[in-house]
Amino acid sequence: MNTSYITCSECGTVNLNAEYCSNCGALLDVVAKRKLKREQENTKKAKLRASLKKEPSKIETFLKNGTEHSNVLVRLIFQGGYYVWLFFALIFGGIISLIIAAAAG
């Protein structure tokens, strides 16, 4: 049987054939550390993706629902309103980003 001495990176204690440090309890296996870190990053990314999926505003849902109306005239009015709303939202967003960029330098 092979004996391997592993020095703990946390406390500097030398351990004999151990996966965890006998002094501080830190994980000594490099592969297991990487796997654990990768799993933590994947869960963090999944939480971030879930938080980015948010529902549209009430105005946007109202205008979107109106674009599916059975009457052609009502549908055209709602489509026009939706595009005007989208245009002004983009303009205001651009203005806000320009102000932030100018303030940042």
# chains A, B, ... in the order shown; residues from 1 in each chain; ligands from 1
call {"tool": "residues_around", "arguments": {"residues": "Glu10 (chain A)", "least_positions_apart": "5", "cutoff": "12 Å", "atoms": "only C-alpha atoms", "output": "PyMOL selection string"}}
result
chain A and resi 20-28
call {"tool": "write_last_selection", "arguments": {"atoms": "N, CA, C and O atoms", "output": "mmCIF file, in the first residue's frame"}}
result
data_model
loop_
_atom_site.group_PDB
_atom_site.id
_atom_site.type_symbol
_atom_site.label_atom_id
_atom_site.label_comp_id
_atom_site.auth_asym_id
_atom_site.auth_seq_id
_atom_site.Cartn_x
_atom_site.Cartn_y
_atom_site.Cartn_z
ATOM 1 N N TYR A 20 -9.207 14.451 4.520
ATOM 2 C CA TYR A 20 -9.436 15.688 5.251
ATOM 3 C C TYR A 20 -8.299 15.894 6.246
ATOM 4 O O TYR A 20 -7.706 14.942 6.745
ATOM 5 N N CYS A 21 -8.002 17.124 6.543
ATOM 6 C CA CYS A 21 -6.935 17.460 7.481
ATOM 7 C C CYS A 21 -7.323 17.029 8.892
ATOM 8 O O CYS A 21 -8.457 17.238 9.333
ATOM 9 N N SER A 22 -6.374 16.412 9.593
ATOM 10 C CA SER A 22 -6.663 15.957 10.951
ATOM 11 C C SER A 22 -6.697 17.116 11.952
ATOM 12 O O SER A 22 -7.289 16.996 13.014
ATOM 13 N N ASN A 23 -6.107 18.241 11.597
ATOM 14 C CA ASN A 23 -6.044 19.377 12.511
ATOM 15 C C ASN A 23 -7.232 20.332 12.317
ATOM 16 O O ASN A 23 -7.951 20.644 13.266
ATOM 17 N N CYS A 24 -7.438 20.791 11.059
ATOM 18 C CA CYS A 24 -8.484 21.808 10.829
ATOM 19 C C CYS A 24 -9.700 21.274 10.080
ATOM 20 O O CYS A 24 -10.711 21.955 9.994
ATOM 21 N N GLY A 25 -9.618 20.082 9.505
ATOM 22 C CA GLY A 25 -10.761 19.492 8.820
ATOM 23 C C GLY A 25 -10.945 19.964 7.386
ATOM 24 O O GLY A 25 -11.980 19.714 6.778
ATOM 25 N N ALA A 26 -9.934 20.628 6.821
ATOM 26 C CA ALA A 26 -10.027 21.124 5.445
ATOM 27 C C ALA A 26 -9.883 19.957 4.467
ATOM 28 O O ALA A 26 -9.228 18.954 4.750
ATOM 29 N N LEU A 27 -10.480 20.102 3.313
ATOM 30 C CA LEU A 27 -10.409 19.088 2.267
ATOM 31 C C LEU A 27 -9.026 19.132 1.630
ATOM 32 O O LEU A 27 -8.552 20.177 1.211
ATOM 33 N N LEU A 28 -8.367 17.969 1.530
ATOM 34 C CA LEU A 28 -7.009 17.902 1.005
ATOM 35 C C LEU A 28 -6.968 17.496 -0.460
ATOM 36 O O LEU A 28 -6.023 17.840 -1.167
#
call {"tool": "select_by_dssp", "arguments": {"residues": "chain A", "states": "helix (DSSP H, G or I)", "output": "ChimeraX atom specification"}}
result
/A:30-52,58-66,72-104
call {"tool": "closest_atom_pairs", "arguments": {"of": "region 49-84 of chain A", "to": "region 88-105 of chain A", "cutoff": "12 Å", "atoms": "only C-alpha atoms", "output": "tab-separated table"}}
result
residue	atom	partner	partner_atom	distance
A:Ser57	CA	A:Ala89	CA	11.9
A:Ile59	CA	A:Ala89	CA	11.7
A:Glu60	CA	A:Ala89	CA	10.8
A:Gly81	CA	A:Phe88	CA	10.7
A:Tyr82	CA	A:Phe88	CA	10.1
A:Tyr83	CA	A:Phe88	CA	8.6
A:Val84	CA	A:Phe88	CA	6.3
call {"tool": "atom_distance", "arguments": {"atom1": "CA of Ser9 (chain A)", "atom2": "CA of Arg38 (chain A)"}}
result
19.3 Å
call {"tool": "atom_distance", "arguments": {"atom1": "CA of Leu52 (chain A)", "atom2": "CA of Trp85 (chain A)"}}
result
21.9 Å
call {"tool": "select_by_dssp", "arguments": {"residues": "chain A", "states": "strand (DSSP E or B)", "output": "PyMOL selection string"}}
result
chain A and resi 5-7+14-16+20+27
